[in-house]
Amino acid sequence: MKRIYLDYAATTPMHPEVLKVMQPYFTDVFGNPSSIHSYGQEAKAAIEAARTDVAELIGAREEEIVFTGSGTEADNFAIKGVVYANRSSGNHIITSAIEHHAVLETCMFLEKDGFEVTYLPVDEFGLVSPDDVRKAITSKTILISLMQANNEIGTIEPVSEIGSIARETEVYFHTDAVQTVGHIPINVNNLKADLLAASAHKLYGPKGVGALYIRKGTRITPFIHGGEQEKKRRASTENVPGIVGFGKAAELARLEINEEAERLTALRNRLIDGLMTNIEDTRLHGHPMMRLPNNVNISVAYTEGESMVLNLDLKGICASTGSACSSSSLEPSHVLLAAGLPHELAHGSLRFSLGKWTTEDDIERVLEVLPGIVAKLRAMSPLYKKQG
Ligand SMILES: Cc1ncc(COP(=O)(O)O)c(C=O)c1O
């Protein structure tokens, strides 16, 4: 059976060209970038070339990019690094209720260490209001951390407006851009971000490598202590093949970002329209327009997200119930609850995330298969029978 992968927001397959450029760095060019001999210097040069590619993708300068071990680490570094370095100026952090756990759990950890956190609400589309951000700022606020786009419902937040407010009020601004880097055009100067987190495995690069953009002049304390790598900002011997792969993935993304976003938006819209017309009582989550080109998140009344995912898998279609991190737990999605959905619907959501190898045929196949699955599940639902 041909399998159809529609879970690109969880992770992407590596681009074959990325794998190709990484390979020599496992074998021939294996030097430690801190070594002064030629093996080491070759590895170092490769890291610097990758840094240029990542910087270029987001409109940053090379020296403002620090490679990390993941997007999660980049978020942790940004938040802990800034709040600990600026503790003498205040102890208040502003974030939102729909952040990824990499941000939420970090903020909760910091609450136990004397920091105060405001978790801003979102509207029914998952949008944070810039006005709410402004109102939440106090003389103690040192950091605003708001994601550029949500990984579950795909809503793209008004981050440049929020960045302007942060700049005006002299508060640091971090944005988790793990779902947007390589998918929509980004420029850190337009966003007015001081810190921006990215992860290679979301843009056809390898797992286990991320990056944090740190605007020049940002007061930040290192988060991993040890050697002097990454200009003393992130200790530990660099993951050379991973970083090289991230660089290539960034270069490829930059070359085709507009075209690919346009192609995926058309496929996404076809999928949304088809689902809404072919399956009654279907609700789209997230903003109808301000959403990632590759994200579709729906709930289907009287069916469970998990049951739909498992039944789709039996037909060779791989989707998800929301975020990869929460899909193995039975907790309703914190994002959907924050957007005001009742528990039953927050349990029932189904996310399709499209990518480079998604075709029109794949979308048509979902539209052919899902109505039958829903009918079967509804036939087993006592609630649906009662309603019918
Ligand atoms: C919005 C967001 N932030 C952070 C992360 C964590 O990235 P990583 O898997 O590289 O740790 C993810 C991954 O799902 C994400 O979607």
# chains A, B, ... in the order shown; residues from 1 in each chain; ligands from 1

call {"tool": "closest_atom_pairs", "arguments": {"of": "range 321-365 of chain A", "to": "range 123-139 of chain A", "cutoff": "8 Å", "atoms": "only C-alpha atoms", "output": "CSV"}}
result
residue,atom,partner,partner_atom,distance
A:Val335,CA,A:Gly126,CA,7.6
A:Ala338,CA,A:Gly126,CA,7.6
A:Ala339,CA,A:Glu124,CA,4.6
A:Gly340,CA,A:Glu124,CA,6.1

call {"tool": "residues_near_ligand", "arguments": {"ligand": "ligand 1", "cutoff": "6 Å", "atoms": "only C-alpha atoms and all ligand atoms", "output": "list in words"}}
result
Ala10, Ser70, Gly71, Thr72, His100, Ala102, Asn150, Asn151, Asp176, Val178, Gln179 and Ser199 of chain A

call {"tool": "closest_atom_pairs", "arguments": {"of": "range 150-222 of chain A", "to": "range 288-305 of chain A", "cutoff": "6 Å", "atoms": "only C-alpha atoms", "output": "JSON lines"}}
result
{"residue": "A:Ile153", "atom": "CA", "partner": "A:Asn297", "partner_atom": "CA", "distance": 5.6}
{"residue": "A:Gly154", "atom": "CA", "partner": "A:Arg291", "partner_atom": "CA", "distance": 5.0}
{"residue": "A:Thr155", "atom": "CA", "partner": "A:Arg291", "partner_atom": "CA", "distance": 4.4}
{"residue": "A:Ile156", "atom": "CA", "partner": "A:Arg291", "partner_atom": "CA", "distance": 5.1}

call {"tool": "closest_atom_pairs", "arguments": {"of": "range 138-206 of chain A", "to": "range 241-258 of chain A", "cutoff": "8 Å", "atoms": "only C-alpha atoms", "output": "tab-separated table"}}
result
residue	atom	partner	partner_atom	distance
A:Gly182	CA	A:Ala253	CA	5.1
A:His183	CA	A:Ile257	CA	6.1
A:Ile184	CA	A:Ile257	CA	6.4
A:Pro185	CA	A:Ile257	CA	6.8
A:Ala200	CA	A:Phe246	CA	5.3
A:Leu203	CA	A:Ala249	CA	6.4
A:Tyr204	CA	A:Ala249	CA	5.9
A:Gly205	CA	A:Phe246	CA	5.2
A:Pro206	CA	A:Gly242	CA	5.9

call {"tool": "select_by_dssp", "arguments": {"residues": "range 38-171 of chain A", "states": "helix (DSSP H, G or I)", "output": "NGL selection string"}}
result
:A and (38-58 or 62-64 or 71-85 or 87-89 or 101-111 or 130-136 or 159-168)

call {"tool": "closest_residue", "arguments": {"among": "A:Arg378, A:His15, A:Lys44, A:His37", "to": "Glu238 in chain A", "atoms": "only C-alpha atoms"}}
result
A:Lys44

call {"tool": "closest_residue", "arguments": {"among": "A:Arg351, A:Leu345, A:Phe223, A:Asn278", "to": "Glu368 in chain A", "atoms": "only C-alpha atoms"}}
result
A:Asn278

call {"tool": "atom_distance", "arguments": {"atom1": "CA of Glu344 in chain A", "atom2": "CA of Leu120 in chain A"}}
result
23.2 Å

call {"tool": "atom_distance", "arguments": {"atom1": "CA of Gly59 in chain A", "atom2": "CA of Tyr213 in chain A"}}
result
10.2 Å

call {"tool": "residues_around", "arguments": {"residues": "range 160-170 of chain A", "least_positions_apart": "4", "cutoff": "6 Å", "atoms": "only C-alpha atoms", "output": "PyMOL selection string"}}
result
chain A and resi 130+191-193

call {"tool": "residues_around", "arguments": {"residues": "range 215-217 of chain A", "least_positions_apart": "6", "cutoff": "7 Å", "atoms": "only C-alpha atoms", "output": "count of residues only"}}
result
3

call {"tool": "residues_around", "arguments": {"residues": "Gly31 in chain A", "least_positions_apart": "3", "cutoff": "9 Å", "atoms": "only C-alpha atoms", "output": "mmCIF file with N, CA, C and O atoms, in the first residue's frame"}}
result
data_model
loop_
_atom_site.group_PDB
_atom_site.id
_atom_site.type_symbol
_atom_site.label_atom_id
_atom_site.label_comp_id
_atom_site.auth_asym_id
_atom_site.auth_seq_id
_atom_site.Cartn_x
_atom_site.Cartn_y
_atom_site.Cartn_z
ATOM 1 N N TYR A 25 30.731 14.686 6.268
ATOM 2 C CA TYR A 25 31.063 15.187 7.602
ATOM 3 C C TYR A 25 30.941 14.106 8.684
ATOM 4 O O TYR A 25 31.268 14.333 9.847
ATOM 5 N N ASP A 28 34.912 11.631 6.079
ATOM 6 C CA ASP A 28 36.168 12.290 5.670
ATOM 7 C C ASP A 28 36.456 13.558 6.469
ATOM 8 O O ASP A 28 37.570 13.798 6.901
ATOM 9 N N SER A 34 37.043 22.869 16.817
ATOM 10 C CA SER A 34 37.921 23.664 17.691
ATOM 11 C C SER A 34 39.398 23.333 17.471
ATOM 12 O O SER A 34 40.271 24.032 18.004
ATOM 13 N N SER A 35 39.686 22.260 16.702
ATOM 14 C CA SER A 35 41.094 21.887 16.463
ATOM 15 C C SER A 35 41.710 22.828 15.438
ATOM 16 O O SER A 35 41.053 23.211 14.464
ATOM 17 N N HIS A 37 44.227 22.131 13.450
ATOM 18 C CA HIS A 37 44.755 21.489 12.224
ATOM 19 C C HIS A 37 43.710 21.518 11.108
ATOM 20 O O HIS A 37 42.567 21.955 11.325
ATOM 21 N N SER A 38 44.131 21.004 9.932
ATOM 22 C CA SER A 38 43.276 21.185 8.754
ATOM 23 C C SER A 38 41.936 20.437 8.873
ATOM 24 O O SER A 38 40.909 20.933 8.420
ATOM 25 N N TYR A 39 41.939 19.267 9.537
ATOM 26 C CA TYR A 39 40.654 18.569 9.699
ATOM 27 C C TYR A 39 39.660 19.458 10.450
ATOM 28 O O TYR A 39 38.501 19.598 10.079
ATOM 29 N N GLY A 40 40.170 20.043 11.532
ATOM 30 C CA GLY A 40 39.321 20.902 12.356
ATOM 31 C C GLY A 40 38.873 22.142 11.593
ATOM 32 O O GLY A 40 37.697 22.530 11.631
ATOM 33 N N GLN A 41 39.796 22.725 10.860
ATOM 34 C CA GLN A 41 39.476 23.973 10.177
ATOM 35 C C GLN A 41 38.484 23.773 9.034
ATOM 36 O O GLN A 41 37.657 24.646 8.758
ATOM 37 N N GLU A 42 38.551 22.574 8.406
ATOM 38 C CA GLU A 42 37.564 22.276 7.353
ATOM 39 C C GLU A 42 36.157 22.190 7.962
ATOM 40 O O GLU A 42 35.188 22.706 7.407
ATOM 41 N N ALA A 43 36.093 21.540 9.103
ATOM 42 C CA ALA A 43 34.782 21.411 9.772
ATOM 43 C C ALA A 43 34.288 22.798 10.196
ATOM 44 O O ALA A 43 33.103 23.117 10.048
ATOM 45 N N LYS A 44 35.192 23.604 10.687
ATOM 46 C CA LYS A 44 34.808 24.955 11.143
ATOM 47 C C LYS A 44 34.281 25.787 9.959
ATOM 48 O O LYS A 44 33.269 26.479 10.076
ATOM 49 N N VAL A 240 28.547 18.813 13.660
ATOM 50 C CA VAL A 240 28.942 19.341 12.342
ATOM 51 C C VAL A 240 28.027 18.838 11.212
ATOM 52 O O VAL A 240 27.494 19.647 10.445
#

call {"tool": "select_by_dssp", "arguments": {"residues": "range 27-215 of chain A", "states": "strand (DSSP E)", "output": "VMD selection string"}}
result
chain A and resid 65 to 68 92 to 96 116 to 120 141 to 145 172 to 176 195 to 199 210 to 214

call {"tool": "write_last_selection", "arguments": {"atoms": "N, CA, C and O atoms", "output": "CSV table (one decimal), in the first residue's frame"}}
result
chain,number,residue,atom,x,y,z
A,65,ILE,N,23.6,34.3,14.8
A,65,ILE,CA,23.0,32.9,14.8
A,65,ILE,C,23.9,32.0,15.7
A,65,ILE,O,25.1,31.9,15.5
A,66,VAL,N,23.2,31.3,16.6
A,66,VAL,CA,23.9,30.3,17.5
A,66,VAL,C,23.2,29.0,17.2
A,66,VAL,O,22.0,28.9,17.3
A,67,PHE,N,24.0,28.0,16.9
A,67,PHE,CA,23.4,26.7,16.6
A,67,PHE,C,23.2,26.0,18.0
A,67,PHE,O,24.0,26.1,18.9
A,68,THR,N,22.0,25.3,18.1
A,68,THR,CA,21.6,24.6,19.3
A,68,THR,C,21.3,23.1,19.0
A,68,THR,O,21.4,22.7,17.8
A,92,HIS,N,9.1,39.9,35.2
A,92,HIS,CA,7.9,39.6,34.6
A,92,HIS,C,8.0,39.2,33.1
A,92,HIS,O,8.7,39.8,32.3
A,93,ILE,N,7.4,38.0,32.7
A,93,ILE,CA,7.4,37.5,31.4
A,93,ILE,C,6.0,37.5,30.8
A,93,ILE,O,5.1,37.1,31.6
A,94,ILE,N,5.8,37.8,29.6
A,94,ILE,CA,4.5,37.7,28.9
A,94,ILE,C,4.6,36.7,27.8
A,94,ILE,O,5.5,36.7,27.0
A,95,THR,N,3.7,35.7,27.8
A,95,THR,CA,3.6,34.7,26.8
A,95,THR,C,2.1,34.5,26.5
A,95,THR,O,1.3,35.2,26.9
A,96,SER,N,1.8,33.4,25.7
A,96,SER,CA,0.4,33.1,25.5
A,96,SER,C,0.1,31.7,25.9
A,96,SER,O,1.0,30.9,26.1
A,116,GLU,N,7.4,36.0,37.4
A,116,GLU,CA,5.9,36.1,37.2
A,116,GLU,C,5.6,36.0,35.7
A,116,GLU,O,6.3,36.7,34.9
A,117,VAL,N,4.6,35.2,35.4
A,117,VAL,CA,4.3,35.0,34.0
A,117,VAL,C,2.9,35.3,33.7
A,117,VAL,O,2.0,34.8,34.4
A,118,THR,N,2.6,36.1,32.7
A,118,THR,CA,1.3,36.3,32.2
A,118,THR,C,1.0,35.5,31.0
A,118,THR,O,1.8,35.6,30.0
A,119,TYR,N,0.0,34.6,31.0
A,119,TYR,CA,-0.3,33.7,29.9
A,119,TYR,C,-1.5,34.4,29.2
A,119,TYR,O,-2.6,34.3,29.7
A,120,LEU,N,-1.2,35.1,28.1
A,120,LEU,CA,-2.3,35.8,27.4
A,120,LEU,C,-3.3,34.9,26.8
A,120,LEU,O,-3.0,33.8,26.2
A,141,THR,N,8.3,44.1,33.4
A,141,THR,CA,8.4,43.1,32.3
A,141,THR,C,9.7,43.2,31.6
A,141,THR,O,10.2,44.2,31.2
A,142,ILE,N,10.3,42.0,31.4
A,142,ILE,CA,11.6,41.9,30.8
A,142,ILE,C,11.6,41.1,29.5
A,142,ILE,O,12.5,41.3,28.6
A,143,LEU,N,10.6,40.3,29.3
A,143,LEU,CA,10.5,39.5,28.1
A,143,LEU,C,9.1,39.2,27.6
A,143,LEU,O,8.2,38.9,28.4
A,144,ILE,N,8.9,39.3,26.3
A,144,ILE,CA,7.6,38.8,25.7
A,144,ILE,C,8.0,37.7,24.8
A,144,ILE,O,9.0,37.8,24.0
A,145,SER,N,7.4,36.5,25.0
A,145,SER,CA,7.7,35.4,24.1
A,145,SER,C,6.4,34.9,23.5
A,145,SER,O,5.5,34.4,24.2
A,172,TYR,N,12.5,42.9,25.8
A,172,TYR,CA,13.0,41.9,24.8
A,172,TYR,C,11.8,41.1,24.2
A,172,TYR,O,10.8,40.8,24.9
A,173,PHE,N,12.0,40.8,22.9
A,173,PHE,CA,10.9,40.0,22.2
A,173,PHE,C,11.5,38.8,21.6
A,173,PHE,O,12.4,38.8,20.8
A,174,HIS,N,11.0,37.6,22.1
A,174,HIS,CA,11.4,36.3,21.5
A,174,HIS,C,10.2,35.7,20.7
A,174,HIS,O,9.1,35.8,21.2
A,175,THR,N,10.5,35.1,19.6
A,175,THR,CA,9.4,34.4,18.9
A,175,THR,C,9.9,33.0,18.5
A,175,THR,O,11.0,32.8,18.0
A,176,ASP,N,9.0,32.1,18.8
A,176,ASP,CA,9.2,30.7,18.4
A,176,ASP,C,8.8,30.6,17.0
A,176,ASP,O,7.6,30.6,16.7
A,195,LEU,N,15.0,37.8,19.6
A,195,LEU,CA,15.4,36.4,19.6
A,195,LEU,C,14.4,35.6,18.8
A,195,LEU,O,13.2,35.9,18.8
A,196,LEU,N,14.9,34.6,18.0
A,196,LEU,CA,14.0,33.8,17.2
A,196,LEU,C,14.5,32.4,17.1
A,196,LEU,O,15.7,32.1,16.9
A,197,ALA,N,13.6,31.4,17.4
A,197,ALA,CA,14.0,30.0,17.5
A,197,ALA,C,13.6,29.3,16.2
A,197,ALA,O,12.5,29.5,15.7
A,198,ALA,N,14.5,28.4,15.8
A,198,ALA,CA,14.2,27.6,14.6
A,198,ALA,C,14.7,26.2,14.8
A,198,ALA,O,15.6,25.9,15.7
A,199,SER,N,14.2,25.2,14.0
A,199,SER,CA,14.6,23.8,14.1
A,199,SER,C,14.7,23.2,12.7
A,199,SER,O,13.8,23.3,11.9
A,210,GLY,N,19.1,22.9,16.0
A,210,GLY,CA,18.3,24.1,15.9
A,210,GLY,C,19.1,25.3,15.9
A,210,GLY,O,20.4,25.2,15.7
A,211,ALA,N,18.5,26.5,15.9
A,211,ALA,CA,19.3,27.7,15.9
A,211,ALA,C,18.5,28.7,16.7
A,211,ALA,O,17.3,28.8,16.7
A,212,LEU,N,19.3,29.6,17.4
A,212,LEU,CA,18.7,30.8,18.0
A,212,LEU,C,19.3,32.0,17.4
A,212,LEU,O,20.5,32.1,17.4
A,213,TYR,N,18.4,32.9,16.9
A,213,TYR,CA,18.9,34.2,16.4
A,213,TYR,C,18.9,35.1,17.7
A,213,TYR,O,17.9,35.1,18.4
A,214,ILE,N,20.0,35.7,17.9
A,214,ILE,CA,20.1,36.7,19.0
A,214,ILE,C,20.6,38.0,18.5
A,214,ILE,O,21.7,38.1,18.0

call {"tool": "residues_around", "arguments": {"residues": "His343 in chain A", "least_positions_apart": "6", "cutoff": "10 Å", "atoms": "only C-alpha atoms", "output": "ChimeraX atom specification"}}
result
/A:331-334,336-337

call {"tool": "closest_residue", "arguments": {"among": "A:Gln148, A:Met14, A:Glu230, A:His347", "to": "Arg51 in chain A", "atoms": "only C-alpha atoms"}}
result
A:Glu230

call {"tool": "closest_residue", "arguments": {"among": "A:Lys202, A:Lys315, A:Arg283, A:Arg233", "to": "Gly355 in chain A", "atoms": "only C-alpha atoms"}}
result
A:Lys202

call {"tool": "closest_residue", "arguments": {"among": "A:Leu370, A:Ala319, A:Ala375, A:Val209", "to": "Asp7 in chain A", "atoms": "only C-alpha atoms"}}
result
A:Ala319

call {"tool": "atom_distance", "arguments": {"atom1": "CA of Arg219 in chain A", "atom2": "CA of Asn187 in chain A"}}
result
21.0 Å
